[in-house]
Every structure is written in structure tokens, then in C-alpha cells.
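What follows is the content of coords23.txt, which has compact mmCIF, C-alpha atoms and all ligand atoms:
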```
# COMPACT_ATOMS: atom_id res chain seq x y z
CA MET A 1 126.13 99.43 73.94
CA LYS A 2 127.47 102.60 72.37
CA LYS A 3 127.43 102.44 68.60
CA GLU A 4 130.75 103.08 66.89
CA LYS A 5 130.59 105.54 64.00
CA TYR A 6 132.74 105.28 60.91
CA PHE A 7 133.79 107.53 58.05
CA GLN A 8 131.25 107.51 55.23
CA LEU A 9 130.75 110.10 52.48
CA SER A 10 127.35 111.62 51.76
CA GLN A 11 125.71 111.36 48.36
CA ALA A 12 126.43 115.05 47.69
CA ALA A 13 130.11 114.60 48.52
CA VAL A 14 130.33 111.50 46.32
CA GLU A 15 128.82 113.37 43.37
CA LYS A 16 131.03 116.44 43.75
CA LEU A 17 134.23 114.46 44.22
CA ALA A 18 133.45 112.20 41.25
CA ALA A 19 132.78 115.27 39.09
CA GLU A 20 136.03 116.91 40.20
CA PHE A 21 138.42 113.96 40.22
CA GLY A 22 136.74 111.25 38.13
CA THR A 23 136.34 107.62 39.17
CA PRO A 24 137.46 105.19 40.43
CA LEU A 25 138.43 107.40 43.37
CA LEU A 26 139.67 106.46 46.83
CA VAL A 27 138.93 109.00 49.53
CA LEU A 28 141.13 108.67 52.60
CA SER A 29 140.23 110.27 55.92
CA LEU A 30 143.30 110.89 58.05
CA LYS A 31 141.05 111.90 60.91
CA GLU A 32 139.57 108.41 60.84
CA VAL A 33 143.07 106.86 60.95
CA LYS A 34 143.81 108.95 64.05
CA LYS A 35 140.48 108.01 65.60
CA SER A 36 141.16 104.30 65.15
CA TYR A 37 144.62 104.63 66.64
CA ASN A 38 143.18 106.52 69.59
CA VAL A 39 140.48 103.89 70.20
CA LEU A 40 143.16 101.23 70.56
CA ARG A 41 145.23 103.51 72.79
CA LYS A 42 142.18 104.20 74.94
CA TYR A 43 141.09 100.61 75.50
CA LEU A 44 144.56 99.05 75.49
CA PRO A 45 146.58 101.75 77.25
CA ARG A 46 149.53 99.48 78.01
CA VAL A 47 149.89 98.34 74.42
CA LYS A 48 152.57 99.75 72.16
CA VAL A 49 150.93 99.86 68.73
CA HIS A 50 152.95 98.64 65.73
CA TYR A 51 150.91 99.43 62.62
CA ALA A 52 151.14 96.47 60.19
CA ILE A 53 151.76 98.50 57.06
CA LYS A 54 150.97 95.73 54.60
CA ALA A 55 147.26 96.47 55.15
CA ASN A 56 147.68 99.90 53.55
CA PRO A 57 151.10 101.50 53.05
CA HIS A 58 149.74 104.81 51.69
CA PRO A 59 152.38 107.45 52.53
CA GLU A 60 149.83 109.73 54.20
CA ILE A 61 148.73 106.95 56.54
CA LEU A 62 152.35 106.17 57.38
CA ARG A 63 153.06 109.85 57.99
CA VAL A 64 150.08 110.29 60.30
CA MET A 65 150.91 107.13 62.23
CA ALA A 66 154.55 108.20 62.57
CA GLU A 67 153.43 111.61 63.87
CA LEU A 68 151.11 109.98 66.38
CA GLY A 69 154.12 108.12 67.75
CA SER A 70 153.10 104.70 66.52
CA CYS A 71 155.63 101.95 65.91
CA PHE A 72 155.42 99.73 62.81
CA ASP A 73 155.18 96.06 61.84
CA VAL A 74 157.19 95.41 58.67
CA ALA A 75 157.67 92.24 56.66
CA SER A 76 160.14 93.01 53.87
CA ASP A 77 163.13 95.08 52.80
CA GLY A 78 160.77 97.31 50.83
CA GLU A 79 158.63 98.14 53.87
CA ILE A 80 161.72 98.79 56.00
CA HIS A 81 163.20 101.17 53.41
CA THR A 82 159.89 102.97 52.87
CA LEU A 83 159.70 103.88 56.56
CA HIS A 84 163.43 104.55 56.86
CA ASP A 85 163.27 106.96 53.91
CA MET A 86 160.47 108.82 55.71
CA GLY A 87 162.72 109.27 58.72
CA VAL A 88 161.22 106.55 60.94
CA ALA A 89 163.96 105.05 63.13
CA GLY A 90 164.61 101.33 62.90
CA SER A 91 164.03 101.13 66.64
CA ARG A 92 160.33 101.80 65.94
CA MET A 93 159.98 98.76 63.67
CA ILE A 94 159.47 95.08 64.31
CA TYR A 95 160.34 92.76 61.43
CA ALA A 96 157.41 90.46 62.08
CA ASN A 97 157.86 88.05 59.19
CA PRO A 98 158.92 84.70 60.72
CA VAL A 99 160.68 83.72 57.47
CA LYS A 100 162.96 86.53 56.38
CA LEU A 101 164.83 87.09 53.13
CA GLY A 102 168.52 87.90 53.04
CA VAL A 103 167.73 91.33 51.62
CA GLY A 104 165.32 91.89 54.52
CA LEU A 105 167.98 91.12 57.11
CA GLU A 106 170.39 93.34 55.19
CA ALA A 107 167.81 96.16 55.30
CA CYS A 108 167.65 95.67 59.08
CA ARG A 109 171.39 96.22 59.30
CA GLN A 110 171.26 99.31 57.15
CA CYS A 111 168.26 100.87 58.89
CA GLY A 112 168.86 99.83 62.49
CA VAL A 113 166.01 97.34 62.86
CA SER A 114 166.89 94.89 65.65
CA LYS A 115 163.51 93.47 66.73
CA MET A 116 162.08 90.49 64.91
CA THR A 117 160.07 87.30 65.18
CA PHE A 118 161.00 83.71 64.33
CA ASP A 119 159.28 80.33 64.47
CA SER A 120 161.97 77.83 63.47
CA ALA A 121 165.53 76.75 64.26
CA SER A 122 166.69 77.61 60.75
CA GLU A 123 165.62 81.22 61.26
CA ILE A 124 167.71 81.45 64.45
CA GLU A 125 170.79 80.60 62.38
CA LYS A 126 169.93 83.20 59.74
CA ILE A 127 169.36 85.94 62.30
CA LYS A 128 172.48 85.06 64.28
CA ASN A 129 174.66 85.29 61.20
CA LYS A 130 173.41 88.71 60.11
CA LEU A 131 172.33 90.36 63.37
CA PRO A 132 173.95 88.56 66.33
CA HIS A 133 172.48 90.99 68.90
CA ALA A 134 168.91 90.96 67.61
CA THR A 135 165.98 91.02 70.03
CA VAL A 136 163.71 88.14 69.06
CA LEU A 137 160.16 87.05 69.85
CA LEU A 138 158.96 83.52 69.23
CA ARG A 139 155.90 83.50 66.98
CA LEU A 140 153.49 81.01 68.47
CA ARG A 141 150.88 79.16 66.45
CA ILE A 142 147.35 79.69 67.75
CA ASP A 143 144.64 77.53 66.25
CA ASN A 144 141.67 79.77 65.53
CA SER A 145 139.41 78.37 62.87
CA SER A 146 136.94 81.21 63.55
CA ALA A 147 139.32 83.82 62.14
CA HIS A 148 138.31 85.52 58.93
CA VAL A 149 141.78 84.97 57.51
CA ASP A 150 143.65 82.34 59.51
CA LEU A 151 147.37 83.11 59.36
CA ASN A 152 148.19 80.24 61.66
CA LYS A 153 148.02 77.80 58.78
CA LYS A 154 151.27 79.32 57.56
CA PHE A 155 153.13 80.63 60.61
CA GLY A 156 153.96 79.88 64.19
CA ALA A 157 155.82 77.34 66.31
CA SER A 158 153.71 74.72 68.04
CA ARG A 159 153.16 74.83 71.79
CA GLU A 160 155.28 71.66 72.09
CA ASN A 161 158.34 73.10 70.34
CA ALA A 162 158.12 76.60 71.77
CA LEU A 163 160.33 76.28 74.85
CA GLU A 164 163.06 74.37 73.05
CA LEU A 165 163.20 76.98 70.29
CA MET A 166 163.38 79.83 72.76
CA LEU A 167 166.24 78.16 74.64
CA LYS A 168 168.00 77.58 71.35
CA ALA A 169 167.72 81.27 70.45
CA LYS A 170 169.16 82.22 73.83
CA GLU A 171 172.05 79.75 73.40
CA ALA A 172 172.74 81.29 69.99
CA GLY A 173 173.38 84.57 71.80
CA LEU A 174 170.23 86.35 70.65
CA ASP A 175 168.25 88.55 73.03
CA MET A 176 165.36 86.09 73.49
CA ALA A 177 162.80 88.55 74.79
CA GLY A 178 159.26 87.30 74.41
CA ILE A 179 156.38 85.72 72.58
CA ALA A 180 154.27 86.95 69.65
CA PHE A 181 151.08 85.58 68.19
CA HIS A 182 148.50 86.60 65.61
CA VAL A 183 145.06 85.15 66.22
CA GLY A 184 143.99 85.78 62.60
CA SER A 185 142.57 88.74 60.77
CA GLN A 186 139.11 90.21 61.52
CA THR A 187 138.70 88.27 64.77
CA VAL A 188 135.35 89.29 66.26
CA SER A 189 135.64 87.90 69.78
CA SER A 190 138.20 88.16 72.56
CA ASP A 191 138.25 84.37 73.04
CA PRO A 192 141.17 83.60 70.69
CA TYR A 193 143.25 86.36 72.30
CA LEU A 194 142.47 85.07 75.81
CA TYR A 195 143.25 81.53 74.73
CA ALA A 196 146.55 82.63 73.20
CA MET A 197 147.41 84.54 76.38
CA ASP A 198 146.76 81.40 78.45
CA ILE A 199 149.34 79.51 76.42
CA ALA A 200 151.77 82.43 76.49
CA ARG A 201 151.40 82.68 80.28
CA GLU A 202 152.30 79.00 80.65
CA LEU A 203 155.29 79.44 78.38
CA PHE A 204 156.48 82.53 80.29
CA GLU A 205 156.47 80.36 83.45
CA GLU A 206 158.15 77.38 81.81
CA ALA A 207 160.80 79.68 80.38
CA ALA A 208 161.42 81.30 83.79
CA ALA A 209 161.83 77.83 85.34
CA ALA A 210 164.44 77.12 82.67
CA GLY A 211 166.32 80.31 83.48
CA LEU A 212 164.94 82.43 80.67
CA HIS A 213 163.21 85.65 81.69
CA LEU A 214 160.74 86.84 79.05
CA ARG A 215 159.73 90.50 79.12
CA ILE A 216 157.66 91.19 75.97
CA LEU A 217 154.27 89.87 74.79
CA ASP A 218 153.12 90.81 71.29
CA ILE A 219 149.39 90.14 70.84
CA GLY A 220 149.51 90.71 67.07
CA GLY A 221 146.70 92.14 64.95
CA GLY A 222 143.26 90.90 64.02
CA PHE A 223 141.08 93.66 65.51
CA PRO A 224 137.85 93.89 63.49
CA ILE A 225 136.10 96.57 61.45
CA PRO A 226 132.43 96.57 60.39
CA GLU A 227 131.54 93.98 57.78
CA PRO A 228 128.11 93.20 56.30
CA LYS A 229 126.27 90.55 58.35
CA VAL A 230 128.96 90.43 61.07
CA LYS A 231 128.26 91.54 64.63
CA PHE A 232 130.75 92.26 67.38
CA ASN A 233 131.35 94.59 70.30
CA LEU A 234 134.85 96.00 69.97
CA PRO A 235 135.03 98.04 73.21
CA GLU A 236 133.93 94.96 75.17
CA MET A 237 136.49 92.78 73.36
CA LEU A 238 139.31 95.21 74.04
CA LYS A 239 138.31 95.62 77.69
CA GLN A 240 138.47 91.86 78.19
CA ILE A 241 141.89 91.70 76.55
CA ALA A 242 143.15 94.63 78.66
CA ALA A 243 141.84 93.05 81.88
CA ARG A 244 143.57 89.76 81.12
CA LEU A 245 146.82 91.54 80.32
CA ASP A 246 146.72 93.24 83.72
CA GLU A 247 145.92 89.99 85.45
CA ASP A 248 148.41 87.68 83.76
CA PHE A 249 151.11 90.01 82.42
CA PRO A 250 151.30 92.90 84.91
CA GLU A 251 155.05 93.40 84.50
CA THR A 252 155.34 92.55 80.81
CA GLU A 253 155.83 95.05 78.00
CA ILE A 254 152.87 94.60 75.61
CA TRP A 255 152.94 95.15 71.85
CA ALA A 256 150.24 94.77 69.19
CA GLU A 257 150.32 94.80 65.38
CA PRO A 258 146.97 96.10 64.12
CA GLY A 259 146.65 96.47 60.35
CA ARG A 260 143.04 96.35 59.22
CA TYR A 261 141.71 98.20 62.25
CA ILE A 262 143.94 101.25 61.67
CA CYS A 263 143.22 101.80 57.97
CA GLY A 264 140.11 99.75 57.13
CA THR A 265 137.39 102.31 57.88
CA ALA A 266 139.46 105.28 56.72
CA VAL A 267 138.89 104.82 52.98
CA ASN A 268 135.77 105.11 50.79
CA LEU A 269 135.79 104.06 47.15
CA ILE A 270 133.70 105.85 44.56
CA THR A 271 133.21 103.76 41.42
CA SER A 272 131.00 104.18 38.34
CA VAL A 273 128.80 101.83 36.39
CA VAL A 274 130.40 101.76 32.94
CA GLY A 275 128.39 98.99 31.29
CA VAL A 276 125.03 97.27 31.71
CA THR A 277 123.89 94.04 30.15
CA GLU A 278 121.60 91.10 30.90
CA ARG A 279 122.50 87.42 31.02
CA GLY A 280 120.08 84.62 31.85
CA GLY A 281 117.48 87.13 32.95
CA GLN A 282 119.86 88.78 35.45
CA PRO A 283 121.37 92.23 35.15
CA TRP A 284 125.14 92.55 34.91
CA TYR A 285 126.80 95.81 35.96
CA PHE A 286 130.35 96.55 34.86
CA LEU A 287 132.22 98.96 37.13
CA ASP A 288 135.36 100.99 36.48
CA GLU A 289 137.01 99.26 39.43
CA GLY A 290 137.44 95.50 39.66
CA LEU A 291 139.07 92.45 41.13
CA TYR A 292 142.47 93.52 39.83
CA GLY A 293 142.07 96.90 41.57
CA THR A 294 140.61 97.91 44.93
CA PHE A 295 138.29 94.88 44.91
CA SER A 296 141.36 92.60 45.00
CA GLY A 297 140.28 92.15 48.62
CA VAL A 298 137.40 89.98 47.38
CA LEU A 299 139.99 87.45 46.28
CA PHE A 300 142.97 87.90 48.60
CA ASP A 301 141.07 88.91 51.73
CA GLN A 302 137.76 87.08 51.11
CA TRP A 303 136.07 90.35 51.97
CA ASP A 304 132.38 91.09 51.50
CA PHE A 305 132.23 94.75 50.47
CA LYS A 306 129.19 96.91 51.07
CA LEU A 307 127.93 98.62 47.88
CA ILE A 308 125.80 101.72 48.29
CA SER A 309 123.86 103.03 45.29
CA PHE A 310 121.95 106.26 45.54
CA ARG A 311 119.00 105.10 43.44
CA GLU A 312 115.67 105.03 45.21
CA SER A 313 113.61 102.07 44.02
CA ASP A 314 111.06 99.68 45.50
CA GLU A 315 112.20 97.13 42.98
CA LYS A 316 115.36 95.23 43.88
CA VAL A 317 117.17 92.92 41.50
CA ALA A 318 119.80 90.23 42.03
CA ALA A 319 122.72 91.44 39.94
CA THR A 320 126.25 90.48 39.00
CA PHE A 321 129.00 93.10 39.43
CA ALA A 322 132.09 92.79 37.26
CA GLY A 323 135.28 94.80 36.85
CA PRO A 324 136.57 96.57 33.74
CA SER A 325 139.25 94.10 32.60
CA CYS A 326 138.92 91.54 29.84
CA ASP A 327 139.44 88.60 32.20
CA SER A 328 136.40 86.51 33.07
CA LEU A 329 137.79 86.07 36.60
CA ASP A 330 137.13 89.78 37.09
CA ILE A 331 133.71 89.37 38.71
CA MET A 332 133.26 90.65 42.25
CA PHE A 333 129.72 89.84 43.31
CA ARG A 334 126.96 87.55 42.08
CA GLY A 335 123.34 87.67 43.13
CA ARG A 336 123.87 90.97 44.92
CA MET A 337 120.54 92.71 45.60
CA THR A 338 120.43 96.27 44.27
CA ALA A 339 118.13 98.87 42.81
CA PRO A 340 118.36 98.67 39.01
CA LEU A 341 121.36 100.73 37.86
CA GLU A 342 122.30 102.62 34.72
CA VAL A 343 125.53 103.54 32.99
CA GLY A 344 126.98 106.57 34.74
CA ASP A 345 125.57 105.72 38.19
CA LEU A 346 127.95 106.16 41.09
CA LEU A 347 128.46 103.55 43.79
CA LEU A 348 130.00 104.15 47.20
CA VAL A 349 132.01 101.47 48.97
CA PRO A 350 132.74 102.43 52.60
CA SER A 351 135.36 100.85 54.85
CA CYS A 352 137.61 99.66 52.06
CA GLY A 353 141.00 100.80 53.31
CA ALA A 354 142.52 97.45 54.29
CA TYR A 355 143.94 94.83 51.91
CA THR A 356 142.41 96.61 48.91
CA SER A 357 144.62 99.18 47.19
CA ALA A 358 147.60 97.45 48.80
CA SER A 359 147.07 94.40 46.62
CA ALA A 360 145.72 96.21 43.54
CA THR A 361 147.46 95.74 40.20
CA THR A 362 147.57 97.55 36.86
CA PHE A 363 146.62 94.38 34.99
CA ASN A 364 145.31 94.95 31.48
CA GLY A 365 146.52 98.55 31.53
CA PHE A 366 144.00 99.92 34.00
CA SER A 367 145.54 102.47 36.36
CA LYS A 368 145.22 102.02 40.09
CA ALA A 369 142.45 104.15 41.57
CA ARG A 370 143.52 107.66 42.44
CA PHE A 371 143.69 108.65 46.13
CA VAL A 372 142.58 111.97 47.60
CA VAL A 373 142.74 112.95 51.25
CA TRP A 374 139.28 113.83 52.52
CA GLU A 375 140.43 116.57 54.87
CA LYS A 376 142.12 118.30 51.89
CA VAL A 377 139.14 118.05 49.49
CA GLN A 378 136.32 118.64 51.93
CA ASP A 379 135.76 122.15 50.62
CA ILE A 380 135.43 120.81 47.07
CA ALA A 381 132.87 118.31 48.37
CA GLY A 382 131.15 121.30 49.98
CA GLU A 383 130.59 119.89 53.43
CA GLN A 384 131.79 118.43 56.67
CA PRO A 385 132.31 114.65 56.90
CA THR A 386 129.22 112.67 57.81
CA LEU A 387 129.82 109.98 60.35
CA ALA A 388 127.45 107.17 59.51
CA LYS A 389 127.21 103.62 60.74
C1 LIG B 1 149.10 90.93 58.52
C2 LIG B 1 149.68 90.91 59.88
C3 LIG B 1 149.20 91.76 60.87
C4 LIG B 1 147.99 92.66 60.68
O1 LIG B 1 146.83 91.90 60.78
P1 LIG B 1 145.37 92.59 60.79
O2 LIG B 1 144.46 91.44 60.83
O3 LIG B 1 145.26 93.41 59.57
O4 LIG B 1 145.30 93.42 62.02
C5 LIG B 1 149.85 91.77 62.09
N1 LIG B 1 150.91 90.96 62.32
C6 LIG B 1 151.40 90.12 61.40
C7 LIG B 1 152.57 89.29 61.72
C8 LIG B 1 150.78 90.06 60.15
O5 LIG B 1 151.25 89.20 59.23
```

Starting from the file, lay out its structure as C-alpha cells.
Amino acid sequence: MKKEKYFQLSQAAVEKLAAEFGTPLLVLSLKEVKKSYNVLRKYLPRVKVHYAIKANPHPEILRVMAELGSCFDVASDGEIHTLHDMGVAGSRMIYANPVKLGVGLEACRQCGVSKMTFDSASEIEKIKNKLPHATVLLRLRIDNSSAHVDLNKKFGASRENALELMLKAKEAGLDMAGIAFHVGSQTVSSDPYLYAMDIARELFEEAAAAGLHLRILDIGGGFPIPEPKVKFNLPEMLKQIAARLDEDFPETEIWAEPGRYICGTAVNLITSVVGVTERGGQPWYFLDEGLYGTFSGVLFDQWDFKLISFRESDEKVAATFAGPSCDSLDIMFRGRMTAPLEVGDLLLVPSCGAYTSASATTFNGFSKARFVVWEKVQDIAGEQPTLAK
């Protein structure tokens, strides 16, 4: 198996960038964003990528994705207007929130968004009233308890109700075009996708028998990025998905909605130790970035971040890492093994581009971490990017 390489700063680059820009600092590699997009294009050549911008709506990521020709998955009026204001046509967006707000549907009208998902009869009514010619996909619920974040607890029509809902949408005059699913975020095997495709295949046939020709399958997001203690083989996964698409959906237009995979590995966080203390015989390290900032993913995304310290030490200690705010909830990691650290030490957190800064707050008056684009500050860091595992 060929090892995938991901964007990771060297110690020298971390030190130079921290000295120049201060910490906490988020370093975004646009080259890595492009690489991720191209990996999906390579292994899933028939798939039209719709980047799910909620994972990281940084304007530079949106710009690069727009330039690459990607389409977008949006979920709110704000996301629609952000892209529209950048010059992205509404025809390149899918409003993939099965429960839409009035202001969201209004934004669709203003910006020319006509593709959307639904999973209930009440949503058909709402769409029909605002956008009577909309192209709609039924969001199907796929039970996948193995998913890292299982979105199917909240969304999706059941297998039993699917056909009836699709026929209802057609009767309402909507362009009932296909089926969408999302197997759950950070899915590390192709099995849930293949399982979902089995059900979709059956529904395509049942719909055809009922006089409804479906032409689009949206396989959602969920493609994984490296995570401590988690093993997977992405090329193999994608090959299996592509093979099944060719076998079961040879004539169907295929869409996907990757979020994490596009932006997750493209960002490195540099954070500093700003306080050290000891409680119950264990060291506590306070960082200048916390649960209310980039590490919000610990809470909202249940993510296990990798922390890299540059201290060489044979001695390792089990430490607690806390954020800078005055809230006692603001603790990211407990019992994390590390070399003993001191105030002023820098820590590097690779692969922290997804569901991190997007859900960060300015709680307690702490600013959100500053972003720099790696390809623009490389000369300041004095080197070429290192591609490490
Ligand atoms: C969040 C979301 C995505 C992106 O999921 P990832 O796991 O980040 O790839 C795609 N589609 C929908 C409908 C979503 O809600």
C-alpha cells in the first residue's frame, strides 16, 4: 500500500512563523486543498464534487475550490450569499440541508440555487411554495453506527417511506431527480457506502416501476483524513466505491459532498504553552488556544487531535491540556502523554482544518486564531513544505 503524505510544518518553520506572526496561528496550505480535491477526482472520476463548506468556509479555500471547478454543498442563507458574493453561480450549489429556513429558500431565489434535498412531506410543501421548479433529491437515512459522527440520527427518510415521498414530490410538480445520502463523517471503510448504494439501487428500480425516472445519486461526504489510532486505506475505499458506481449506476449522474477530506489536512495550528501548574501530581499545561477556539472540534466533532512538541526527552508525563479562557469546561485533553513542557514552548497540531476554526468562538474576549496561507509565507519560514505522514 502506498502511504499518503499530508501537509505538516517542520520545527524550523513553526519557530519562524510563530516569531513572525505570534500564536495561536493557523497555517493553511492551498496546495494541500488542491491535492485533496485531485485525489477524489482521480479515484472517483465520475463524481461531481460539491465541497461542504461548513467544514471550513475560509475564503481562500472557497476561492481555490471555485477555481478548480468544484461545486458546493451549502446549508444556510449565509453560505449561499458567501459564495454568491464571490461570483459562484447558484447552479454550482446544492442546498443540502433537509430542513430549510425561509431565509434560506429566499436566498435560493435571489442567487439562482435550484438544487436541494428533502426528507419529509412538510419540506415538499415549503419548497413548492417558494421554488416550484426546484430539482430535488430525497435524503435517505443510512444506519451506520460505525461513523465517527453519525448524521443519520438527525436526517434522512426511512427506506419504507422513501418511494412515497418521492412520488409526492413529483406530484407536487418538483423535478424529483434522485437520491442523496450521507453515511456519516470520517467513515473509514467503503461498507456503509456500498450498503447505501444497495438501498439506493433498489429505490431507483422501484421508482422506475412507478413511472419515476431518477437520474442523480449523491453519495454525500464522510471521506476520512488521518486520525491518531485510526487505520484505513483511502485509495482502496474509493476504488471500491467507484467500481460499485460503474456496476450499479452506469447511466446515473453522481455527486458527492466532501467536507473534512477537502480541508482537514490543509491546516496546521501552532499554539504556545502559556501556563504550567501541577494538580494531584500531574502537570497541567495551559495553551493560548482552547476549546472555544480551534479545539472546538474536541467538543463538536469529538476529534482526537495530534499534539507535537519539539522537546526531546526520555521522560514522558501524563498531562492535562487546557485552553486560555476562565471556564473550567475549557480543557481539551487529560492524561495525554508528552515530554515535560515549559512556558513559551510551541506545539504543532497537524490536520486541523475541518470543524475547528469553523466552530471557533471569541468567548471570553479571546480572538480567533489568525490564518496565514503557507504558500505566501513560505519564504518567511525559510523553506519548502515538508510532506510528513
Ligand atoms: C456536513 C455534511 C457534509 C460533509 O461531511 P464530511 O464528513 O465533512 O465530509 C456533506 N453533506 C452534508 C449533507 C453534510 O451535512

Record the distance separating CA of Ser29 (chain A) and CA of Val183 (chain A), expressed in Å with one decimal.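 Between these atoms lies a distance of 27.6 Å.
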
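For the pair CA of Lys16 (chain A) and CA of Phe371 (chain A), the separation is 15.1 Å.
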
Residue with the minimum atom-to-atom distance to ligand LIG 1 (chain B), picked from A:Val317, A:Leu137, A:Leu44, A:Ala121 with all atoms listed in the file counted, is A:Leu137

Kindly compile the residues surrounding ligand LIG 1 (chain B) within 7 Å, counting only C-alpha atoms and all ligand atoms, and format them as a list of chain:residue names. A:Ala52, A:Lys54, A:Ala55, A:Asp73, A:Ala96, A:Asn97, A:His182, A:Gly184, A:Ser185, A:Gln186, A:Gly220, A:Gly221, A:Gly222, A:Phe223, A:Glu257, A:Pro258, A:Gly259, A:Arg260, A:Tyr261

Distance table requested - region 115-225 of chain A against region 233-249 of chain A, cut-off 7 Å, all atoms listed in the file: one row per qualifying residue with the closest atom pair and its distance in Å to one decimal, ordered by chain and rising residue number, as JSON lines.
```
{"residue": "A:Ser189", "atom": "CA", "partner": "A:Met237", "partner_atom": "CA", "distance": 6.1}
{"residue": "A:Ser190", "atom": "CA", "partner": "A:Met237", "partner_atom": "CA", "distance": 5.0}
{"residue": "A:Tyr193", "atom": "CA", "partner": "A:Ile241", "partner_atom": "CA", "distance": 7.0}
{"residue": "A:Leu194", "atom": "CA", "partner": "A:Ile241", "partner_atom": "CA", "distance": 6.7}
{"residue": "A:Arg201", "atom": "CA", "partner": "A:Asp248", "partner_atom": "CA", "distance": 6.8}
```

Shell of 12 Å around Glu205 (chain A), only C-alpha atoms, local chain residues under 6 positions omitted, as a ChimeraX atom specification: /A:163,178,198-199,211-215,248-249

Spatial neighbours of Thr338 (chain A), max dist 7 Å, all atoms listed in the file, sep filter under 6 positions, as a list in words: Lys316, Val317, Ala318 and Ala319 of chain A

One number please: CA of His81 (chain A) to CA of Glu106 (chain A), in Å, one decimal. 10.8 Å

Between A:Met65, A:Ala162, A:Leu341, A:Leu174, which is the closest to Glu32 (chain A) once you count all atoms listed in the file?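 Looking only at the distances to Glu32 (chain A), the closest residue turns out to be A:Met65.
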
Looking at all atoms listed in the file, which of A:Phe321, A:Val47, A:Leu17, A:Glu79 is the one that sits closest to Val276 (chain A)?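 So, comparing all the options, the nearest one is A:Phe321.
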
Taking 4 positions as the minimum chain separation for residues in the same chain, which residues sit within 9 Å of region 7-13 of chain A when counting all atoms listed in the file? Answer as a list in words.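 In the requested form, the answer reads Leu17, Ala18, Val27, Ser29, Lys31, Glu32, Thr265, Ala266, Val267, Asn268, Phe310, Leu348, Val349, Pro350, Ser351, Gln378, Ile380, Ala381, Gly382, Glu383, Pro385, Thr386, Leu387, Ala388 and Lys389 of chain A.
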
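Near (132.6, 89.8, 38.9), the residues inside the 8 Å limit, counting all atoms listed in the file, come to Gly290, Leu291, Thr320, Phe321, Ala322, Gly323, Ser328, Leu329, Asp330, Ile331, Met332, Phe333 and Arg334 of chain A.
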
Taking 2 positions as the minimum chain separation for residues in the same chain, which residues sit within 9 Å of Asp288 (chain A) when counting only C-alpha atoms? Answer as number ranges by chain. A: 23-24, 271-275, 286, 290, 322-325

Option closest in space to Ile270 (chain A), from A:Pro132, A:Gly344, A:Gly112, A:Gly69 [counting all atoms listed in the file]: A:Gly344

Quick one: residues within 12 Å of Lys368 (chain A), all atoms listed in the file, excluding same-chain residues fewer than 5 positions away - as a count of residues only? 22

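With all atoms listed in the file as the basis for measurement, A:Ile216 is the residue among A:Val373, A:Ile216, A:Val33, A:Val88 that approaches Lys115 (chain A) most closely.
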
Taking (150.2, 109.5, 62.1) in the file's coordinates as the center, which residues reach within 12 Å of it, counting only C-alpha atoms, put as a PDB file with C-alpha atoms, keeping the file's coordinate frame?
```pdb
ATOM      1  CA  SER A  29     140.230 110.270  55.920  1.00  0.00           C
ATOM      2  CA  LEU A  30     143.300 110.890  58.050  1.00  0.00           C
ATOM      3  CA  LYS A  31     141.050 111.900  60.910  1.00  0.00           C
ATOM      4  CA  GLU A  32     139.570 108.410  60.840  1.00  0.00           C
ATOM      5  CA  VAL A  33     143.070 106.860  60.950  1.00  0.00           C
ATOM      6  CA  LYS A  34     143.810 108.950  64.050  1.00  0.00           C
ATOM      7  CA  LYS A  35     140.480 108.010  65.600  1.00  0.00           C
ATOM      8  CA  SER A  36     141.160 104.300  65.150  1.00  0.00           C
ATOM      9  CA  TYR A  37     144.620 104.630  66.640  1.00  0.00           C
ATOM     10  CA  ASN A  38     143.180 106.520  69.590  1.00  0.00           C
ATOM     11  CA  VAL A  49     150.930  99.860  68.730  1.00  0.00           C
ATOM     12  CA  HIS A  50     152.950  98.640  65.730  1.00  0.00           C
ATOM     13  CA  TYR A  51     150.910  99.430  62.620  1.00  0.00           C
ATOM     14  CA  HIS A  58     149.740 104.810  51.690  1.00  0.00           C
ATOM     15  CA  PRO A  59     152.380 107.450  52.530  1.00  0.00           C
ATOM     16  CA  GLU A  60     149.830 109.730  54.200  1.00  0.00           C
ATOM     17  CA  ILE A  61     148.730 106.950  56.540  1.00  0.00           C
ATOM     18  CA  LEU A  62     152.350 106.170  57.380  1.00  0.00           C
ATOM     19  CA  ARG A  63     153.060 109.850  57.990  1.00  0.00           C
ATOM     20  CA  VAL A  64     150.080 110.290  60.300  1.00  0.00           C
ATOM     21  CA  MET A  65     150.910 107.130  62.230  1.00  0.00           C
ATOM     22  CA  ALA A  66     154.550 108.200  62.570  1.00  0.00           C
ATOM     23  CA  GLU A  67     153.430 111.610  63.870  1.00  0.00           C
ATOM     24  CA  LEU A  68     151.110 109.980  66.380  1.00  0.00           C
ATOM     25  CA  GLY A  69     154.120 108.120  67.750  1.00  0.00           C
ATOM     26  CA  SER A  70     153.100 104.700  66.520  1.00  0.00           C
ATOM     27  CA  CYS A  71     155.630 101.950  65.910  1.00  0.00           C
ATOM     28  CA  PHE A  72     155.420  99.730  62.810  1.00  0.00           C
ATOM     29  CA  VAL A  88     161.220 106.550  60.940  1.00  0.00           C
ATOM     30  CA  ILE A 262     143.940 101.250  61.670  1.00  0.00           C
ATOM     31  CA  CYS A 263     143.220 101.800  57.970  1.00  0.00           C
TER      32      CYS A 263
END
```

Which residue gives the smallest distance to Asp304 (chain A) among A:Leu347, A:Met166, A:Ala354, A:Lys229, with all atoms listed in the file counted? A:Lys229
